[in-house]
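A.B. asks: So here's query-v1.txt (compact mmCIF, C-alpha atoms).
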```
# COMPACT_ATOMS: atom_id res chain seq x y z
CA MET A 1 -150.28 7.54 55.47
CA GLY A 2 -152.95 9.64 57.14
CA LYS A 3 -151.29 13.03 57.52
CA LYS A 4 -149.21 15.19 55.23
CA CYS A 5 -145.90 16.66 56.25
CA PRO A 6 -147.18 20.11 57.30
CA GLU A 7 -149.47 18.47 59.83
CA TYR A 8 -146.54 16.58 61.29
CA VAL A 9 -144.43 19.72 61.45
CA SER A 10 -146.96 21.45 63.70
CA GLU A 11 -146.52 18.58 66.18
CA LEU A 12 -142.72 18.43 66.02
CA ASN A 13 -142.00 20.69 68.98
CA ASP A 14 -144.14 18.57 71.26
CA TYR A 15 -142.52 15.47 69.78
CA LEU A 16 -139.01 16.85 70.36
CA ASP A 17 -139.90 18.08 73.85
CA GLY A 18 -141.30 14.65 74.74
CA THR A 19 -144.77 16.00 75.46
CA LEU A 20 -146.66 14.36 72.62
CA ASP A 21 -148.99 11.44 73.28
CA GLU A 22 -147.66 7.98 72.49
CA GLY A 23 -149.97 7.30 69.55
CA LEU A 24 -148.91 10.41 67.68
CA CYS A 25 -145.27 9.77 68.60
CA SER A 26 -145.28 6.37 66.94
CA GLU A 27 -147.12 7.80 63.94
CA ILE A 28 -144.42 10.48 63.60
CA GLU A 29 -141.61 7.97 64.07
CA LYS A 30 -143.10 5.80 61.36
CA HIS A 31 -143.31 8.84 59.09
CA LEU A 32 -139.70 9.83 59.85
CA GLY A 33 -138.59 6.42 58.62
CA THR A 34 -140.01 7.15 55.18
CA CYS A 35 -139.67 10.96 54.80
CA ALA A 36 -136.09 12.20 54.52
CA ASN A 37 -137.04 15.89 54.75
CA CYS A 38 -139.07 15.45 57.94
CA ARG A 39 -136.19 13.46 59.45
CA ILE A 40 -133.75 16.27 58.57
CA MET A 41 -136.26 18.79 59.93
CA VAL A 42 -136.46 16.94 63.26
CA ASP A 43 -132.68 16.48 63.56
CA THR A 44 -131.89 20.10 62.72
CA MET A 45 -134.70 21.48 64.92
CA ARG A 46 -133.19 19.53 67.80
CA MET A 47 -129.72 20.82 66.92
CA THR A 48 -131.03 24.41 66.72
CA VAL A 49 -132.02 24.37 70.39
CA THR A 50 -128.79 22.57 71.36
CA LEU A 51 -126.73 25.29 69.65
CA CYS A 52 -128.76 28.09 71.18
CA ARG A 53 -128.25 26.61 74.65
CA ASP A 54 -124.52 26.14 74.12
CA GLY A 55 -123.39 29.61 75.15
CA LYS A 56 -121.96 30.07 78.61
CA PRO A 57 -123.91 32.49 80.81
CA GLU A 58 -121.98 35.73 81.06
CA PRO A 59 -121.60 37.23 84.52
CA MET A 60 -122.85 40.74 85.09
CA PRO A 61 -119.99 43.09 84.15
CA ASP A 62 -118.30 44.75 87.12
CA ALA A 63 -118.72 48.17 85.52
CA LEU A 64 -122.49 47.66 85.38
CA SER A 65 -122.61 46.51 89.01
CA ALA A 66 -120.66 49.58 90.08
CA ARG A 67 -122.86 51.95 88.06
CA LEU A 68 -126.02 50.33 89.40
CA ASN A 69 -124.91 50.66 93.01
CA GLY A 70 -124.73 54.44 92.64
CA LEU A 71 -127.95 54.74 90.66
CA LEU A 72 -129.98 52.55 93.00
CA LYS A 73 -128.72 54.39 96.07
CA THR A 74 -129.73 57.72 94.55
CA ARG A 75 -133.21 56.44 93.67
CA TRP A 76 -133.56 54.86 97.11
CA GLU A 77 -132.73 58.14 98.82
CA GLN A 78 -135.24 59.95 96.60
CA LYS A 79 -137.91 57.52 97.79
CA PHE A 80 -136.98 56.96 101.43
CA GLY A 81 -134.73 59.93 102.19
CA LYS A 82 -131.08 59.87 103.24
CA PRO A 83 -130.25 57.58 106.17
CA GLN A 84 -129.92 59.38 109.52
CA PRO A 85 -126.30 59.58 110.74
CA MET B 1 -131.84 36.67 107.57
CA ASN B 2 -134.48 35.06 105.35
CA GLU B 3 -136.02 36.63 102.27
CA LYS B 4 -139.26 37.63 103.98
CA GLU B 5 -137.36 39.49 106.69
CA LEU B 6 -135.18 41.22 104.09
CA VAL B 7 -138.27 42.32 102.16
CA LYS B 8 -139.89 43.72 105.32
CA LYS B 9 -136.70 45.64 106.16
CA ALA B 10 -136.39 46.93 102.58
CA GLN B 11 -140.01 48.07 102.65
CA ALA B 12 -139.20 49.98 105.82
CA GLY B 13 -136.42 51.83 103.98
CA ASP B 14 -133.35 49.66 104.64
CA PHE B 15 -131.18 50.00 101.52
CA GLU B 16 -128.77 47.27 102.60
CA ALA B 17 -131.62 44.77 102.84
CA PHE B 18 -132.71 45.78 99.35
CA THR B 19 -129.20 45.35 97.92
CA ASP B 20 -128.97 41.91 99.58
CA LEU B 21 -132.19 40.95 97.78
CA ILE B 22 -130.96 42.35 94.46
CA ASN B 23 -127.54 40.71 94.77
CA ALA B 24 -129.17 37.30 95.24
CA HIS B 25 -130.92 37.64 91.88
CA LYS B 26 -128.78 39.92 89.77
CA SER B 27 -127.10 37.10 87.80
CA THR B 28 -130.49 35.59 86.88
CA ILE B 29 -131.88 38.96 85.82
CA TYR B 30 -128.77 39.87 83.86
CA GLY B 31 -128.77 36.45 82.12
CA LEU B 32 -132.43 36.84 81.18
CA ALA B 33 -131.87 40.39 79.91
CA ARG B 34 -128.81 39.35 77.89
CA ARG B 35 -130.73 36.52 76.24
CA LEU B 36 -133.77 38.62 75.47
CA ALA B 37 -131.79 41.60 74.23
CA GLY B 38 -129.04 39.82 72.31
CA ASN B 39 -126.70 42.73 72.94
CA GLN B 40 -124.91 44.22 75.90
CA GLU B 41 -126.28 47.75 75.72
CA ASP B 42 -129.99 46.82 75.73
CA ALA B 43 -129.38 44.15 78.37
CA GLU B 44 -127.83 46.74 80.68
CA ASP B 45 -130.79 49.06 80.17
CA ILE B 46 -133.24 46.27 81.01
CA VAL B 47 -131.35 45.38 84.20
CA GLN B 48 -131.10 49.00 85.28
CA ASP B 49 -134.78 49.72 84.59
CA THR B 50 -135.80 46.50 86.39
CA PHE B 51 -133.97 47.39 89.59
CA LEU B 52 -135.15 51.01 89.53
CA LYS B 53 -138.74 49.81 89.02
CA ALA B 54 -138.27 47.40 91.94
CA ILE B 55 -137.38 50.37 94.16
CA ASP B 56 -140.43 52.31 92.95
CA LYS B 57 -142.74 49.33 93.60
CA ILE B 58 -141.12 47.69 96.65
CA ASP B 59 -143.93 48.82 98.97
CA GLN B 60 -146.49 47.17 96.65
CA PHE B 61 -144.77 43.75 96.84
CA ARG B 62 -147.05 41.56 98.95
CA LEU B 63 -144.88 38.42 99.22
CA GLU B 64 -147.43 36.47 97.15
CA SER B 65 -144.50 35.10 95.14
CA SER B 66 -140.79 34.95 95.89
CA PHE B 67 -138.85 38.19 95.46
CA GLY B 68 -136.95 36.54 92.59
CA THR B 69 -140.17 35.71 90.70
CA TRP B 70 -141.45 39.24 91.24
CA LEU B 71 -138.20 40.72 89.94
CA TYR B 72 -138.19 38.32 86.97
CA THR B 73 -141.67 39.47 85.95
CA ILE B 74 -140.60 43.12 86.22
CA ALA B 75 -137.61 42.36 83.97
CA LEU B 76 -139.85 40.68 81.38
CA ASN B 77 -142.18 43.68 81.40
CA GLN B 78 -139.27 46.09 81.00
CA ALA B 79 -137.88 44.08 78.07
CA ARG B 80 -141.30 43.81 76.43
CA GLY B 81 -141.82 47.55 76.81
CA MET B 82 -138.43 48.29 75.28
CA PHE B 83 -138.74 46.00 72.26
CA SER B 84 -142.43 46.42 71.51
CA ARG B 85 -141.71 50.08 70.74
CA ARG B 86 -139.31 49.03 67.99
CA GLN B 87 -140.72 48.26 64.58
CA GLN B 88 -140.45 44.60 63.68
CA THR B 89 -141.52 42.50 60.74
CA ASP B 90 -143.42 39.27 61.27
CA ILE B 91 -141.97 35.84 60.56
CA ARG B 92 -143.40 33.22 58.25
CA THR B 93 -146.18 30.78 59.08
CA ILE B 94 -145.34 27.22 60.12
CA GLU B 95 -146.27 25.84 56.68
CA GLU B 96 -144.05 28.34 54.91
CA TYR B 97 -140.98 26.90 56.61
CA LEU B 98 -141.50 23.61 54.81
CA PRO B 99 -139.90 22.83 51.49
CA GLY B 100 -142.72 23.52 49.03
CA GLY B 101 -143.84 26.57 50.98
CA GLN B 102 -147.55 27.04 51.44
CA SER B 103 -148.60 24.33 49.01
CA GLY B 104 -149.01 21.85 51.85
CA HIS B 105 -148.16 18.92 49.64
CA ASP B 106 -146.28 15.87 50.74
CA HIS B 107 -142.70 16.93 49.94
CA SER B 108 -141.16 13.50 50.36
CA GLY B 109 -141.36 12.66 46.70
CA ASP B 110 -140.75 16.00 45.01
CA GLY B 111 -137.00 15.61 44.72
CA TYR B 112 -136.14 18.58 46.94
CA GLN B 113 -134.03 17.67 49.95
CA LEU B 114 -133.37 19.90 52.93
CA PHE B 115 -129.72 20.52 53.75
CA ASP B 116 -128.74 18.15 56.55
CA TRP B 117 -126.39 19.78 59.03
CA GLN B 118 -125.52 17.56 61.93
CA ASN B 119 -122.05 18.86 62.60
CA PRO B 120 -122.03 22.66 62.35
CA GLU B 121 -118.71 22.86 64.23
CA SER B 122 -117.05 21.45 61.11
CA LEU B 123 -118.37 24.41 59.11
CA LEU B 124 -117.79 27.33 61.47
CA GLU B 125 -115.54 28.20 64.40
CA ASN B 126 -117.26 28.14 67.79
CA SER B 127 -116.92 31.89 68.27
CA GLN B 128 -118.42 32.59 64.82
CA LEU B 129 -121.22 30.19 65.55
CA ARG B 130 -121.99 31.89 68.87
CA GLU B 131 -122.05 35.30 67.24
CA ILE B 132 -124.41 34.10 64.50
CA ILE B 133 -126.77 32.43 66.95
CA ASP B 134 -126.92 35.49 69.22
CA ARG B 135 -127.64 37.68 66.20
CA LEU B 136 -130.34 35.38 64.83
CA ILE B 137 -132.11 35.18 68.19
CA SER B 138 -131.93 38.96 68.61
CA GLU B 139 -133.38 39.46 65.12
CA LEU B 140 -136.50 37.43 65.84
CA PRO B 141 -139.57 39.63 66.31
CA TYR B 142 -139.84 40.15 70.05
CA LYS B 143 -142.97 38.09 70.74
CA TYR B 144 -141.33 35.02 69.18
CA ARG B 145 -137.92 35.70 70.71
CA GLU B 146 -139.45 36.06 74.18
CA ALA B 147 -141.36 32.78 73.91
CA PHE B 148 -138.34 30.91 72.55
CA VAL B 149 -135.91 32.32 75.13
CA LEU B 150 -138.23 31.57 78.04
CA ARG B 151 -138.93 28.03 76.84
CA TYR B 152 -135.52 26.86 75.73
CA LEU B 153 -132.90 29.11 77.28
CA GLU B 154 -134.62 29.87 80.57
CA GLU B 155 -136.11 26.35 80.43
CA LEU B 156 -139.57 27.28 81.72
CA PRO B 157 -142.44 24.85 81.09
CA VAL B 158 -144.85 25.92 78.30
CA LYS B 159 -147.55 26.62 80.89
CA GLU B 160 -145.29 29.06 82.74
CA VAL B 161 -144.18 30.73 79.49
CA ALA B 162 -147.86 31.20 78.62
CA ARG B 163 -148.49 32.75 82.03
CA GLN B 164 -145.53 35.10 81.72
CA ILE B 165 -146.45 36.30 78.23
CA ASN B 166 -150.17 36.37 79.01
CA GLU B 167 -151.19 34.12 76.13
CA SER B 168 -153.04 30.81 75.83
CA GLU B 169 -150.94 27.64 75.83
CA ALA B 170 -151.89 27.01 72.20
CA ALA B 171 -150.76 30.49 71.09
CA THR B 172 -147.60 30.14 73.16
CA LYS B 173 -146.77 26.77 71.58
CA SER B 174 -147.30 28.24 68.13
CA ARG B 175 -144.92 31.15 68.86
CA ILE B 176 -142.27 28.80 70.22
CA LEU B 177 -142.54 26.52 67.19
CA ARG B 178 -142.40 29.40 64.69
CA ALA B 179 -139.35 30.84 66.42
CA ARG B 180 -137.64 27.45 66.37
CA LEU B 181 -138.48 26.92 62.70
CA ALA B 182 -137.29 30.42 61.79
CA LEU B 183 -133.97 29.89 63.55
CA ARG B 184 -133.54 26.44 62.02
CA ASP B 185 -134.29 27.83 58.58
CA GLN B 186 -131.77 30.65 58.87
CA LEU B 187 -129.09 28.40 60.33
CA SER B 188 -129.66 25.97 57.44
CA ASP B 189 -129.11 28.75 54.90
CA ILE B 190 -125.91 29.84 56.64
CA PHE B 191 -124.54 26.30 56.99
CA GLU B 192 -125.46 25.39 53.42
CA ALA B 193 -123.63 28.47 52.13
CA GLU B 194 -120.57 27.63 54.27
CA HIS B 195 -120.66 24.03 53.09
CA GLY B 196 -120.87 25.24 49.46
CA GLN B 197 -117.83 27.49 49.94
CA LYS B 198 -115.81 24.70 51.54
CA MET B 199 -116.67 22.33 48.70
CA SER B 200 -115.80 24.80 45.89
```
Rewrite the structure from the file as structure tokens, please.

C.D. replies:
Amino acid sequence: MGKKCPEYVSELNDYLDGTLDEGLCSEIEKHLGTCANCRIMVDTMRMTVTLCRDGKPEPMPDALSARLNGLLKTRWEQKFGKPQP
Amino acid sequence: MNEKELVKKAQAGDFEAFTDLINAHKSTIYGLARRLAGNQEDAEDIVQDTFLKAIDKIDQFRLESSFGTWLYTIALNQARGMFSRRQQTDIRTIEEYLPGGQSGHDHSGDGYQLFDWQNPESLLENSQLREIIDRLISELPYKYREAFVLRYLEELPVKEVARQINESEAATKSRILRARLALRDQLSDIFEAEHGQKMS
């Protein structure tokens, strides 16, 4: 084995994101077959991002939209003046 | 009316054109702010400051990017300004997240095994899990949180994250990795403790 675990860990994001070159990928995969901790590290790093992405996007609250409308109009009128009737 | 026409009208003082532009992007900006802030109050401040800044700078917008991209960059700057003023501790180095810490030894034969959590839903309710994840992301020092959120929640390519945070690709990759390792590490501790309680 050429590399030690810390050196593999610095490549894991690229490996997980699919942006690592093929040679290093197969080297890592070979290592994962023999190193339980690196395998767990890879699986749980993948799961970490999956969990973080799981939340549903929240819509902008209506109260915020309403407050912003007033604030933005006031600032707009300070900059451009009130619209002519 | 297309975006370019709306921008021209807004720059001439047409508030309705400006609100049309804002309305087309408010969900994106709010989502970004919510992810970066991790709480409602700060997210609302970022959104408000972003739109007010857009009014102040609308005449300087030269249509070199889309209005949405311009607004997105303003929001990132507002968030960075807000959080960089708050004191934050650094997170550990990449090596320190390994079992065995900084020793850099091959940990495969030292008997220590990382806790393997493949099914966190069996340990915690979904709502608890969501709350924990939001809190952990919001507790990351801002420069790591920003890189992680842009890469994995906003799903920007590394190159674009680097451009947005004004760092080299190598430095950006390192921040993203450290954030991911920090989150993984903290989730492991939480899941291991939950697992221990369930087993006892």

A.B. asks: Tell me, in Å to one decimal, how far atom CA of His195 of chain B is from atom CA of Leu123 of chain B.

C.D. replies: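 Here the two named atoms are 6.5 Å from each other.
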
A.B. asks: Considering all atoms listed in the file, tabulate each residue of chain A that lies at most 8 Å from chain B along with its nearest interatomic pair and the corresponding distance in Å to one decimal; arrange the rows by chain and ascending residue number and present them as JSON lines.

C.D. replies:
```
{"residue": "A:Lys4", "atom": "CA", "partner": "B:Asp106", "partner_atom": "CA", "distance": 5.4}
{"residue": "A:Cys5", "atom": "CA", "partner": "B:Asp106", "partner_atom": "CA", "distance": 5.6}
{"residue": "A:Pro6", "atom": "CA", "partner": "B:Glu95", "partner_atom": "CA", "distance": 5.8}
{"residue": "A:Val9", "atom": "CA", "partner": "B:Ile94", "partner_atom": "CA", "distance": 7.7}
{"residue": "A:Ser10", "atom": "CA", "partner": "B:Ile94", "partner_atom": "CA", "distance": 7.0}
{"residue": "A:Asn13", "atom": "CA", "partner": "B:Leu177", "partner_atom": "CA", "distance": 6.1}
{"residue": "A:Cys35", "atom": "CA", "partner": "B:Ser108", "partner_atom": "CA", "distance": 5.3}
{"residue": "A:Ala36", "atom": "CA", "partner": "B:Ser108", "partner_atom": "CA", "distance": 6.7}
{"residue": "A:Asn37", "atom": "CA", "partner": "B:Leu114", "partner_atom": "CA", "distance": 5.7}
{"residue": "A:Ile40", "atom": "CA", "partner": "B:Asp116", "partner_atom": "CA", "distance": 5.7}
{"residue": "A:Met41", "atom": "CA", "partner": "B:Leu114", "partner_atom": "CA", "distance": 7.7}
{"residue": "A:Asp43", "atom": "CA", "partner": "B:Gln118", "partner_atom": "CA", "distance": 7.4}
{"residue": "A:Thr44", "atom": "CA", "partner": "B:Arg184", "partner_atom": "CA", "distance": 6.6}
{"residue": "A:Met45", "atom": "CA", "partner": "B:Arg184", "partner_atom": "CA", "distance": 5.9}
{"residue": "A:Met47", "atom": "CA", "partner": "B:Gln118", "partner_atom": "CA", "distance": 7.3}
{"residue": "A:Thr48", "atom": "CA", "partner": "B:Arg184", "partner_atom": "CA", "distance": 5.7}
{"residue": "A:Val49", "atom": "CA", "partner": "B:Tyr152", "partner_atom": "CA", "distance": 6.9}
{"residue": "A:Leu51", "atom": "CA", "partner": "B:Ile133", "partner_atom": "CA", "distance": 7.6}
{"residue": "A:Cys52", "atom": "CA", "partner": "B:Ile133", "partner_atom": "CA", "distance": 6.4}
{"residue": "A:Arg53", "atom": "CA", "partner": "B:Leu153", "partner_atom": "CA", "distance": 5.9}
{"residue": "A:Gly55", "atom": "CA", "partner": "B:Arg130", "partner_atom": "CA", "distance": 6.8}
{"residue": "A:Pro57", "atom": "CA", "partner": "B:Gly31", "partner_atom": "CA", "distance": 6.4}
{"residue": "A:Glu58", "atom": "CA", "partner": "B:Gly31", "partner_atom": "CA", "distance": 6.9}
{"residue": "A:Pro59", "atom": "CA", "partner": "B:Ser27", "partner_atom": "CA", "distance": 6.4}
{"residue": "A:Met60", "atom": "CA", "partner": "B:Tyr30", "partner_atom": "CA", "distance": 6.1}
{"residue": "A:Leu64", "atom": "CA", "partner": "B:Glu44", "partner_atom": "CA", "distance": 7.2}
{"residue": "A:Leu68", "atom": "CA", "partner": "B:Gln48", "partner_atom": "CA", "distance": 6.7}
{"residue": "A:Leu72", "atom": "CA", "partner": "B:Leu52", "partner_atom": "CA", "distance": 6.4}
{"residue": "A:Lys73", "atom": "CA", "partner": "B:Phe15", "partner_atom": "CA", "distance": 7.4}
{"residue": "A:Arg75", "atom": "CA", "partner": "B:Leu52", "partner_atom": "CA", "distance": 7.1}
{"residue": "A:Trp76", "atom": "CA", "partner": "B:Ile55", "partner_atom": "CA", "distance": 6.6}
{"residue": "A:Lys79", "atom": "CA", "partner": "B:Asp56", "partner_atom": "CA", "distance": 7.5}
{"residue": "A:Phe80", "atom": "CA", "partner": "B:Gly13", "partner_atom": "CA", "distance": 5.8}
```

A.B. asks: With only C-alpha atoms as the atoms that count, which of B:Phe83, B:Tyr142, B:Leu150, B:Gly196 lies nearest to Arg163 of chain B?

C.D. replies: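 Looking at the shortest contact to Arg163 of chain B, the residue is B:Leu150.
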
A.B. asks: For a test of reading the model, state the distance in Å between atom CA of Gly81 of chain A and atom CA of Gln60 of chain B, rounded to one decimal.

C.D. replies: 18.2 Å

A.B. asks: Expressed in Å to a single decimal, how great is the separation between atom CA of Ile74 of chain B and atom CA of Leu156 of chain B?

C.D. replies: 16.5 Å

A.B. asks: Could you check the closest approach to Leu24 of chain A for each of A:Arg39, A:Asp62, A:Pro83, A:Glu7 and tell me which residue wins, using only C-alpha atoms?

C.D. replies: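 With only C-alpha atoms as the atom set, the closest residue is A:Glu7.
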
A.B. asks: Name the closest residue to Gly18 of chain A among the candidates A:Arg67, A:Arg46, A:Thr74, A:Lys30; distances are taken between atoms, counting only C-alpha atoms.

C.D. replies: A:Arg46
